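A.B. asks: So that you have it, the file is run.csv, and it contains CSV, C-alpha atoms:
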```csv
chain,number,residue,atom,x,y,z
A,1,MET,CA,-13.8,-14.7,27.5
A,2,ASN,CA,-17.4,-13.9,28.4
A,3,ILE,CA,-20.2,-14.7,26.0
A,4,ASN,CA,-22.4,-11.9,27.2
A,5,ASP,CA,-19.7,-9.3,26.6
A,6,PHE,CA,-19.2,-10.9,23.2
A,7,VAL,CA,-22.9,-10.6,22.4
A,8,ASN,CA,-22.9,-7.0,23.4
A,9,LYS,CA,-19.9,-6.3,21.2
A,10,ILE,CA,-21.5,-7.9,18.2
A,11,ALA,CA,-24.7,-5.9,18.9
A,12,GLU,CA,-22.7,-2.7,18.8
A,13,GLN,CA,-21.8,-3.4,15.2
A,14,TYR,CA,-25.5,-3.2,14.2
A,15,ASN,CA,-27.7,-0.1,14.0
A,16,GLU,CA,-30.7,-1.7,15.6
A,17,PRO,CA,-32.7,0.2,18.3
A,18,ASP,CA,-32.1,-0.6,21.9
A,19,THR,CA,-35.4,-2.6,21.9
A,20,PHE,CA,-33.8,-5.3,19.8
A,21,ALA,CA,-32.6,-8.1,22.0
A,22,PHE,CA,-29.4,-9.7,21.0
A,23,SER,CA,-28.6,-13.0,22.6
A,24,PRO,CA,-26.3,-16.0,22.0
A,25,ASP,CA,-29.0,-17.6,19.9
A,26,THR,CA,-29.5,-14.6,17.6
A,27,HIS,CA,-29.2,-15.5,13.9
A,28,PHE,CA,-27.0,-12.6,13.2
A,29,LYS,CA,-27.0,-13.0,9.4
A,30,GLU,CA,-30.8,-12.9,9.2
A,31,ILE,CA,-31.0,-9.4,10.7
A,32,GLU,CA,-32.3,-7.2,7.9
A,33,GLU,CA,-29.4,-4.7,7.9
A,34,TYR,CA,-26.8,-7.5,7.7
A,35,SER,CA,-24.5,-7.2,4.7
A,36,SER,CA,-20.9,-7.9,3.7
A,37,LEU,CA,-20.0,-4.7,5.3
A,38,THR,CA,-21.4,-6.0,8.7
A,39,ALA,CA,-19.2,-9.1,8.2
A,40,LEU,CA,-16.2,-6.9,7.8
A,41,THR,CA,-17.1,-4.9,10.8
A,42,ILE,CA,-17.4,-8.0,12.9
A,43,ILE,CA,-14.0,-9.2,11.7
A,44,ALA,CA,-12.4,-5.8,12.5
A,45,MET,CA,-14.1,-5.8,16.0
A,46,VAL,CA,-12.9,-9.3,16.9
A,47,ASP,CA,-9.4,-8.4,15.8
A,48,ASP,CA,-9.5,-5.1,17.8
A,49,GLU,CA,-11.1,-6.5,21.0
A,50,TYR,CA,-9.8,-10.0,21.1
A,51,GLY,CA,-6.7,-10.0,18.9
A,52,ILE,CA,-8.2,-12.9,16.8
A,53,ALA,CA,-8.3,-13.0,13.0
A,54,LEU,CA,-11.7,-14.2,11.9
A,55,ARG,CA,-12.1,-15.1,8.3
A,56,GLY,CA,-15.0,-14.5,5.9
A,57,ASP,CA,-15.5,-18.3,5.3
A,58,GLU,CA,-15.7,-18.9,9.0
A,59,ILE,CA,-18.4,-16.3,9.4
A,60,ARG,CA,-20.3,-18.0,6.5
A,61,GLY,CA,-20.2,-21.2,8.4
A,62,CYS,CA,-21.9,-19.6,11.5
A,63,ALA,CA,-25.6,-19.2,12.1
A,64,THR,CA,-25.8,-17.8,15.6
A,65,ILE,CA,-23.7,-15.4,17.7
A,66,GLU,CA,-22.8,-18.3,19.9
A,67,ASP,CA,-21.3,-20.1,16.8
A,68,LEU,CA,-19.1,-17.0,16.3
A,69,PHE,CA,-18.1,-17.0,19.9
A,70,LYS,CA,-17.1,-20.7,19.9
A,71,ILE,CA,-14.7,-20.0,17.0
A,72,VAL,CA,-13.2,-17.0,18.6
A,73,GLU,CA,-12.8,-18.8,21.9
A,74,SER,CA,-11.1,-21.8,20.3
A,75,LYS,CA,-8.7,-19.6,18.4
A,76,ALA,CA,-7.9,-17.8,21.6
A,77,LYS,CA,-6.8,-21.0,23.2
A,78,THR,CA,-4.4,-22.1,20.4
B,1,MET,CA,14.8,3.3,-5.9
B,2,THR,CA,13.2,3.0,-2.5
B,3,GLY,CA,11.3,-0.1,-1.5
B,4,ALA,CA,13.5,-2.1,-3.8
B,5,SER,CA,13.4,-5.4,-1.9
B,6,SER,CA,10.2,-6.7,-3.4
B,7,GLY,CA,7.3,-6.2,-5.6
B,8,ILE,CA,7.2,-3.1,-7.9
B,9,GLY,CA,10.4,-1.7,-6.6
B,10,LYS,CA,12.3,-4.9,-7.3
B,11,ALA,CA,10.9,-5.3,-10.8
B,12,THR,CA,11.6,-1.6,-11.6
B,13,ALA,CA,15.2,-1.7,-10.3
B,14,ILE,CA,15.9,-4.7,-12.5
B,15,LEU,CA,14.3,-3.1,-15.6
B,16,CYS,CA,16.3,0.1,-15.0
B,17,SER,CA,19.5,-1.9,-14.9
B,18,LYS,CA,18.5,-3.7,-18.2
B,19,MET,CA,17.9,-0.3,-19.8
B,20,GLY,CA,21.4,0.7,-18.9
B,21,ALA,CA,21.0,2.8,-15.8
B,22,ALA,CA,23.3,2.8,-12.9
B,23,VAL,CA,20.9,1.8,-10.1
B,24,ILE,CA,21.0,2.6,-6.4
B,25,ILE,CA,18.6,0.4,-4.5
B,26,THR,CA,17.5,0.9,-0.9
B,27,GLY,CA,15.5,-1.1,1.6
B,28,ARG,CA,15.3,-2.1,5.2
B,29,ASN,CA,16.1,-5.8,5.0
B,30,GLN,CA,19.7,-6.7,4.0
B,31,GLU,CA,18.9,-10.2,2.7
B,32,ARG,CA,15.9,-9.2,0.6
B,33,LEU,CA,17.7,-6.2,-0.8
B,34,ASN,CA,20.6,-8.3,-1.8
B,35,ASP,CA,18.2,-10.7,-3.5
B,36,THR,CA,17.3,-7.8,-5.8
B,37,PHE,CA,20.9,-6.6,-6.1
B,38,VAL,CA,22.2,-9.9,-7.5
B,39,LEU,CA,19.5,-9.8,-10.2
B,40,LEU,CA,20.5,-6.3,-11.5
B,41,GLU,CA,22.0,-6.5,-15.0
B,42,ASN,CA,25.0,-4.7,-16.5
B,43,PRO,CA,27.0,-4.7,-13.2
B,44,SER,CA,29.7,-2.7,-14.9
B,45,ARG,CA,27.4,0.3,-14.5
B,46,GLY,CA,28.3,0.3,-10.8
B,47,HIS,CA,25.0,-0.4,-9.0
B,48,ARG,CA,24.8,0.1,-5.3
B,49,GLN,CA,22.7,-1.2,-2.5
B,50,ILE,CA,22.2,0.9,0.6
B,51,ILE,CA,20.4,-0.4,3.7
B,52,ALA,CA,18.3,2.3,5.3
B,53,ASP,CA,15.2,2.5,7.3
B,54,LEU,CA,13.4,5.3,5.6
B,55,SER,CA,10.8,5.7,8.3
B,56,THR,CA,13.4,7.4,10.6
B,57,ASP,CA,15.3,10.7,10.4
B,58,GLU,CA,18.6,8.8,10.9
B,59,GLY,CA,17.7,6.5,8.0
B,60,ILE,CA,16.9,9.4,5.6
B,61,ASN,CA,20.1,11.3,6.6
B,62,SER,CA,22.3,8.3,6.3
B,63,LEU,CA,21.0,7.5,2.9
B,64,VAL,CA,21.3,11.0,1.6
B,65,GLU,CA,24.9,11.3,2.8
B,66,GLN,CA,25.8,8.3,0.6
B,67,LEU,CA,24.1,9.4,-2.6
B,68,PRO,CA,25.9,10.7,-5.7
B,69,LYS,CA,24.2,13.0,-8.1
B,70,LEU,CA,21.0,11.5,-9.4
B,71,ASP,CA,19.2,11.6,-12.7
B,72,GLY,CA,16.1,10.0,-11.4
B,73,ILE,CA,14.3,9.0,-8.2
B,74,ALA,CA,11.7,6.3,-7.8
B,75,SER,CA,10.0,7.0,-4.5
B,76,ASN,CA,8.3,3.6,-4.2
B,77,ALA,CA,8.5,2.4,-0.6
B,78,GLY,CA,5.1,2.0,0.9
B,79,ILE,CA,2.8,-0.2,3.1
B,80,CYS,CA,-0.9,-1.0,3.0
B,81,LYS,CA,-2.4,-1.3,6.4
B,82,GLY,CA,-6.0,-0.5,7.1
B,83,THR,CA,-9.2,-1.1,8.9
B,84,LEU,CA,-12.7,0.3,9.0
B,85,VAL,CA,-13.0,3.9,10.3
B,86,GLN,CA,-14.5,3.0,13.7
B,87,PHE,CA,-11.3,1.1,14.5
B,88,TYR,CA,-8.8,3.7,13.4
B,89,SER,CA,-6.0,4.5,15.9
B,90,LYS,CA,-3.5,7.3,15.8
B,91,LYS,CA,-0.8,4.7,15.9
B,92,LEU,CA,-2.1,3.1,12.7
B,93,ILE,CA,-2.5,6.4,10.9
B,94,ASP,CA,0.9,7.7,12.0
B,95,GLU,CA,2.6,4.5,10.8
B,96,VAL,CA,1.1,4.4,7.3
B,97,PHE,CA,1.4,8.2,6.8
B,98,SER,CA,5.0,8.1,8.0
B,99,ILE,CA,6.2,5.5,5.6
B,100,ASN,CA,3.9,6.4,2.6
B,101,ILE,CA,4.2,10.2,2.5
B,102,ILE,CA,5.9,12.0,5.4
B,103,TYR,CA,9.3,10.5,5.0
B,104,PRO,CA,9.2,10.4,1.2
B,105,MET,CA,8.6,14.2,1.4
B,106,LEU,CA,11.6,14.6,3.7
B,107,LEU,CA,13.7,12.4,1.5
B,108,ILE,CA,12.9,14.6,-1.5
B,109,LYS,CA,13.5,17.8,0.6
B,110,ASN,CA,17.0,16.6,1.5
B,111,ILE,CA,17.9,15.6,-2.0
B,112,ILE,CA,16.8,18.9,-3.5
B,113,LYS,CA,18.3,21.0,-0.7
B,114,LYS,CA,21.7,19.3,-1.2
B,115,LYS,CA,21.3,19.8,-5.0
B,116,LEU,CA,21.7,16.1,-5.6
B,117,MET,CA,19.6,16.0,-8.8
B,118,ASN,CA,21.0,16.5,-12.3
B,119,LYS,CA,19.3,18.6,-15.0
B,120,PRO,CA,17.2,17.1,-16.5
B,121,GLY,CA,15.9,14.9,-13.8
B,122,SER,CA,12.8,12.9,-13.0
B,123,ILE,CA,11.0,11.9,-9.9
B,124,VAL,CA,8.4,9.1,-10.0
B,125,PHE,CA,6.2,8.3,-7.0
B,126,THR,CA,4.4,4.9,-6.7
B,127,SER,CA,1.0,6.1,-5.7
B,128,SER,CA,-2.2,4.0,-6.3
B,129,ALA,CA,-5.5,4.1,-8.1
B,130,GLY,CA,-6.7,4.0,-4.5
B,131,GLY,CA,-5.5,7.6,-4.0
B,132,VAL,CA,-8.1,8.7,-6.6
B,133,TYR,CA,-10.9,6.1,-6.3
B,134,ALA,CA,-11.9,3.9,-3.3
B,135,SER,CA,-9.5,1.1,-3.6
B,136,ALA,CA,-10.4,-2.6,-3.2
B,137,GLY,CA,-13.6,-1.6,-1.5
B,138,VAL,CA,-13.6,-0.6,2.1
B,139,SER,CA,-11.0,-0.5,4.9
B,140,ASN,CA,-8.5,1.4,2.9
B,141,GLY,CA,-9.2,5.0,4.0
B,142,VAL,CA,-5.8,5.5,5.6
B,143,TYR,CA,-3.9,4.1,2.7
B,144,GLY,CA,-6.0,6.0,0.2
B,145,ALA,CA,-5.5,9.2,2.2
B,146,THR,CA,-1.7,8.8,1.9
B,147,LYS,CA,-1.9,8.2,-1.8
B,148,GLY,CA,-4.2,11.2,-2.3
B,149,ALA,CA,-1.5,13.1,-0.4
B,150,ILE,CA,1.1,12.0,-2.9
B,151,GLY,CA,-1.1,13.4,-5.7
B,152,GLY,CA,-1.3,16.7,-4.1
B,153,PHE,CA,2.4,16.9,-3.2
B,154,LEU,CA,3.7,16.0,-6.6
B,155,LYS,CA,1.7,18.6,-8.4
B,156,SER,CA,3.1,21.4,-6.3
B,157,LEU,CA,6.6,19.8,-6.5
B,158,ALA,CA,6.3,19.7,-10.3
B,159,LEU,CA,5.7,23.4,-10.4
B,160,GLU,CA,8.5,24.2,-7.9
B,161,LEU,CA,11.1,22.0,-9.7
B,162,ALA,CA,10.1,22.8,-13.3
B,163,SER,CA,12.7,25.5,-13.6
B,164,LYS,CA,15.4,23.0,-12.6
B,165,GLN,CA,14.1,20.7,-15.4
B,166,ILE,CA,13.1,18.1,-12.8
B,167,ARG,CA,9.8,16.4,-13.7
B,168,CYS,CA,7.5,14.9,-11.0
B,169,ASN,CA,4.9,12.3,-11.7
B,170,SER,CA,3.3,9.2,-10.2
B,171,VAL,CA,2.1,5.8,-11.3
B,172,ASN,CA,-1.2,4.9,-9.9
B,173,PRO,CA,-1.7,1.2,-10.2
B,174,ALA,CA,-4.7,-0.9,-9.3
B,175,MET,CA,-4.1,-4.3,-7.9
B,176,VAL,CA,-0.7,-5.7,-8.7
B,177,GLU,CA,0.5,-9.3,-7.9
B,178,THR,CA,3.0,-8.4,-5.2
B,179,PRO,CA,3.5,-9.5,-1.6
B,180,LEU,CA,1.7,-6.3,-0.4
B,181,ILE,CA,-1.8,-7.4,-1.6
B,182,ARG,CA,-1.6,-10.7,0.3
B,183,ASP,CA,-0.4,-9.0,3.5
B,184,GLY,CA,-3.9,-8.3,4.9
B,185,TYR,CA,-7.2,-10.0,5.4
B,186,ILE,CA,-8.3,-10.3,1.8
B,187,SER,CA,-8.8,-14.0,1.1
B,188,GLU,CA,-7.8,-15.8,-2.0
B,189,ASP,CA,-11.5,-16.2,-2.9
B,190,GLN,CA,-12.1,-12.5,-2.5
B,191,LEU,CA,-9.1,-11.7,-4.7
B,192,LYS,CA,-10.4,-14.1,-7.4
B,193,GLU,CA,-13.8,-12.3,-7.3
B,194,ASP,CA,-12.2,-8.9,-7.4
B,195,MET,CA,-10.1,-9.9,-10.4
B,196,LYS,CA,-13.3,-10.5,-12.4
B,197,LYS,CA,-13.9,-6.7,-12.3
B,198,TYR,CA,-10.8,-6.1,-14.4
B,199,PRO,CA,-11.8,-5.7,-18.1
B,200,LEU,CA,-8.4,-7.0,-19.2
B,201,GLY,CA,-9.0,-10.1,-17.1
B,202,ARG,CA,-6.1,-10.0,-14.6
B,203,TYR,CA,-4.3,-8.1,-12.0
B,204,GLY,CA,-1.2,-6.3,-12.9
B,205,ASN,CA,2.3,-7.7,-12.9
B,206,PRO,CA,5.2,-5.8,-11.3
B,207,GLU,CA,6.7,-5.6,-14.8
B,208,ASP,CA,3.6,-3.7,-16.1
B,209,ILE,CA,4.2,-1.0,-13.5
B,210,ALA,CA,8.0,-1.1,-13.9
B,211,ASN,CA,7.5,-0.3,-17.6
B,212,ALA,CA,5.5,2.8,-16.8
B,213,ILE,CA,8.0,4.0,-14.1
B,214,VAL,CA,10.9,3.6,-16.5
B,215,PHE,CA,8.9,5.5,-19.2
B,216,LEU,CA,8.4,8.4,-16.7
B,217,LEU,CA,12.0,8.3,-15.6
B,218,SER,CA,13.2,8.4,-19.2
B,219,ASP,CA,13.5,11.2,-21.8
B,220,ALA,CA,10.6,9.6,-23.6
B,221,SER,CA,8.3,11.5,-21.2
B,222,SER,CA,10.2,14.7,-21.3
B,223,TRP,CA,7.1,16.8,-21.7
B,224,ILE,CA,5.2,15.1,-18.9
B,225,THR,CA,5.1,16.6,-15.5
B,226,GLY,CA,2.6,16.8,-12.6
B,227,THR,CA,0.7,13.8,-13.9
B,228,GLU,CA,-0.7,10.7,-12.2
B,229,LEU,CA,-0.6,7.8,-14.6
B,230,LYS,CA,-3.4,5.4,-14.0
B,231,ILE,CA,-2.4,1.7,-14.7
B,232,ASP,CA,-5.4,-0.5,-13.9
B,233,GLY,CA,-6.3,-3.0,-16.7
B,234,GLY,CA,-9.5,-0.9,-17.1
B,235,ALA,CA,-10.7,-1.5,-13.6
B,236,THR,CA,-11.6,2.1,-12.8
B,237,LEU,CA,-13.6,2.6,-16.0
```
Take the structure in this file and express it as structure tokens.

C.D. replies:
Amino acid sequence: MNINDFVNKIAEQYNEPDTFAFSPDTHFKEIEEYSSLTALTIIAMVDDEYGIALRGDEIRGCATIEDLFKIVESKAKT
Amino acid sequence: MTGASSGIGKATAILCSKMGAAVIITGRNQERLNDTFVLLENPSRGHRQIIADLSTDEGINSLVEQLPKLDGIASNAGICKGTLVQFYSKKLIDEVFSINIIYPMLLIKNIIKKKLMNKPGSIVFTSSAGGVYASAGVSNGVYGATKGAIGGFLKSLALELASKQIRCNSVNPAMVETPLIRDGYISEDQLKEDMKKYPLGRYGNPEDIANAIVFLLSDASSWITGTELKIDGGATL
């Protein structure tokens, strides 16, 4: 599971222009357009692309994209 | 009664039996269908349970072959799977449409064609408030589409079957406490938050919906046809 791929897939769920640089350190919830709908989109994408079920409370506990990646990665291993 | 192994179907089958009907229940899972069967009252009425997978042609045909003449049909089997629009797949759409509307239409077709309904008769579909309004927020476009389809279908059906004195209606519940609402990704916390939007302060019970289905099956509703009965604790107001 590759973190750069993951960052790109998260970036796809936003409507930011190409000039916006997403990285593992990006605080994804502080991006202006972030809403509960974005959270749902992230959950659906992770399920669709990685077959992992991410929960709302797990997203609430994450600050950066890397935090999200760590949860998805650990769930993939179990 | 299709989808009689759990939830609304189970509660309605039991209530019908209490009210004196001879009930034929059908479902896919033998054990769970039997769990409903043993709870039916007035066994002297001759209730029956028929295992059938109503998402296949063979299942529909096999069920129809075993049916006697009917006074009422509760077309209640349904699933609620969904996701956001950008993640739709034909497979998902096909599956939900198949179970929720395509095969129910074919079941009705076969029953009517073989003249298996008595006069007067009543057909009740379990639809959803989600077929008329956006249900439970987002991610329910596919489910909502199938329930909207039921609404369209039953209105035409009501006109076509009126001369045979067969009435066609639906119940359109909002959120009801059944296994179906805990099947997906809605968390307990989200459900609790959602429940606050209900003016009457709670989700529905299967018995609330059963009462309405029995009303629509019975002669008490003999001047009602082509209607979708909203049952929602005030949620859509």

A.B. asks: What does the distance between atom CA of B:Gly226 and atom CA of B:Ala158 come to in Å, to one decimal place?

C.D. replies: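 Atom-to-atom, atom CA of B:Gly226 to atom CA of B:Ala158, that is 5.2 Å.
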
A.B. asks: Give me the chain A side of the contact with chain B, cut-off 12 Å, one line per residue showing its nearest atom pair and distance in Å at one decimal, counting all atoms listed in the file, sorted by chain and residue number, as JSON lines.

C.D. replies:
```
{"residue": "A:Glu12", "atom": "CA", "partner": "B:Gln86", "partner_atom": "CA", "distance": 11.2}
{"residue": "A:Gln13", "atom": "CA", "partner": "B:Gln86", "partner_atom": "CA", "distance": 9.8}
{"residue": "A:Ser36", "atom": "CA", "partner": "B:Val138", "partner_atom": "CA", "distance": 10.4}
{"residue": "A:Leu37", "atom": "CA", "partner": "B:Val138", "partner_atom": "CA", "distance": 8.2}
{"residue": "A:Thr38", "atom": "CA", "partner": "B:Leu84", "partner_atom": "CA", "distance": 10.7}
{"residue": "A:Ala39", "atom": "CA", "partner": "B:Leu84", "partner_atom": "CA", "distance": 11.5}
{"residue": "A:Leu40", "atom": "CA", "partner": "B:Leu84", "partner_atom": "CA", "distance": 8.1}
{"residue": "A:Thr41", "atom": "CA", "partner": "B:Leu84", "partner_atom": "CA", "distance": 7.0}
{"residue": "A:Ile42", "atom": "CA", "partner": "B:Leu84", "partner_atom": "CA", "distance": 10.3}
{"residue": "A:Ile43", "atom": "CA", "partner": "B:Tyr185", "partner_atom": "CA", "distance": 9.3}
{"residue": "A:Ala44", "atom": "CA", "partner": "B:Thr83", "partner_atom": "CA", "distance": 6.7}
{"residue": "A:Met45", "atom": "CA", "partner": "B:Phe87", "partner_atom": "CA", "distance": 7.6}
{"residue": "A:Val46", "atom": "CA", "partner": "B:Phe87", "partner_atom": "CA", "distance": 10.8}
{"residue": "A:Asp47", "atom": "CA", "partner": "B:Phe87", "partner_atom": "CA", "distance": 9.8}
{"residue": "A:Asp48", "atom": "CA", "partner": "B:Phe87", "partner_atom": "CA", "distance": 7.3}
{"residue": "A:Glu49", "atom": "CA", "partner": "B:Phe87", "partner_atom": "CA", "distance": 10.0}
{"residue": "A:Ile52", "atom": "CA", "partner": "B:Tyr185", "partner_atom": "CA", "distance": 11.8}
{"residue": "A:Ala53", "atom": "CA", "partner": "B:Tyr185", "partner_atom": "CA", "distance": 8.2}
{"residue": "A:Leu54", "atom": "CA", "partner": "B:Tyr185", "partner_atom": "CA", "distance": 9.0}
{"residue": "A:Arg55", "atom": "CA", "partner": "B:Tyr185", "partner_atom": "CA", "distance": 7.6}
{"residue": "A:Gly56", "atom": "CA", "partner": "B:Ser187", "partner_atom": "CA", "distance": 7.9}
{"residue": "A:Asp57", "atom": "CA", "partner": "B:Ser187", "partner_atom": "CA", "distance": 9.0}
{"residue": "A:Glu58", "atom": "CA", "partner": "B:Ser187", "partner_atom": "CA", "distance": 11.6}
```

A.B. asks: Fewer than 5 positions away in the same chain doesn't count, so skip those; otherwise give me all residues within 12 Å of B:Ser163, counting all atoms listed in the file, as a ChimeraX atom specification.

C.D. replies: /B:119-121,157-158,225

A.B. asks: List the spatial neighbours of stretch 17-30 of chain B as an MDAnalysis selection string - criterion: any atom at most 10 Å away, all atoms listed in the file, same-chain residues fewer than 5 positions off excluded.

C.D. replies: chainID B and resid 1:6 9:10 12 35:37 39:55 59 63 67:68 70:74 77 214 218

A.B. asks: Dump C-alpha atoms for the selected residues as a compact mmCIF listing (two decimals), in the coordinates of the input?

C.D. replies:
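Output file out-v3.txt is given in full below:
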```
# COMPACT_ATOMS: atom_id res chain seq x y z
CA MET B 1 14.80 3.30 -5.90
CA THR B 2 13.20 3.00 -2.50
CA GLY B 3 11.30 -0.10 -1.50
CA ALA B 4 13.50 -2.10 -3.80
CA SER B 5 13.40 -5.40 -1.90
CA SER B 6 10.20 -6.70 -3.40
CA GLY B 9 10.40 -1.70 -6.60
CA LYS B 10 12.30 -4.90 -7.30
CA THR B 12 11.60 -1.60 -11.60
CA ASP B 35 18.20 -10.70 -3.50
CA THR B 36 17.30 -7.80 -5.80
CA PHE B 37 20.90 -6.60 -6.10
CA LEU B 39 19.50 -9.80 -10.20
CA LEU B 40 20.50 -6.30 -11.50
CA GLU B 41 22.00 -6.50 -15.00
CA ASN B 42 25.00 -4.70 -16.50
CA PRO B 43 27.00 -4.70 -13.20
CA SER B 44 29.70 -2.70 -14.90
CA ARG B 45 27.40 0.30 -14.50
CA GLY B 46 28.30 0.30 -10.80
CA HIS B 47 25.00 -0.40 -9.00
CA ARG B 48 24.80 0.10 -5.30
CA GLN B 49 22.70 -1.20 -2.50
CA ILE B 50 22.20 0.90 0.60
CA ILE B 51 20.40 -0.40 3.70
CA ALA B 52 18.30 2.30 5.30
CA ASP B 53 15.20 2.50 7.30
CA LEU B 54 13.40 5.30 5.60
CA SER B 55 10.80 5.70 8.30
CA GLY B 59 17.70 6.50 8.00
CA LEU B 63 21.00 7.50 2.90
CA LEU B 67 24.10 9.40 -2.60
CA PRO B 68 25.90 10.70 -5.70
CA LEU B 70 21.00 11.50 -9.40
CA ASP B 71 19.20 11.60 -12.70
CA GLY B 72 16.10 10.00 -11.40
CA ILE B 73 14.30 9.00 -8.20
CA ALA B 74 11.70 6.30 -7.80
CA ALA B 77 8.50 2.40 -0.60
CA VAL B 214 10.90 3.60 -16.50
CA SER B 218 13.20 8.40 -19.20
```

A.B. asks: Name all residues at most 9 Å from B:Met105 (count only C-alpha atoms; drop same-chain ones fewer than 5 positions away) and give them as an NGL selection string.

C.D. replies: :B and (110 or 150 or 153)

A.B. asks: Measure the distance from atom CA of B:Glu193 to atom CA of A:Cys62 in Å and round it to one decimal.

C.D. replies: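 Atom-to-atom, atom CA of B:Glu193 to atom CA of A:Cys62, that is 21.7 Å.
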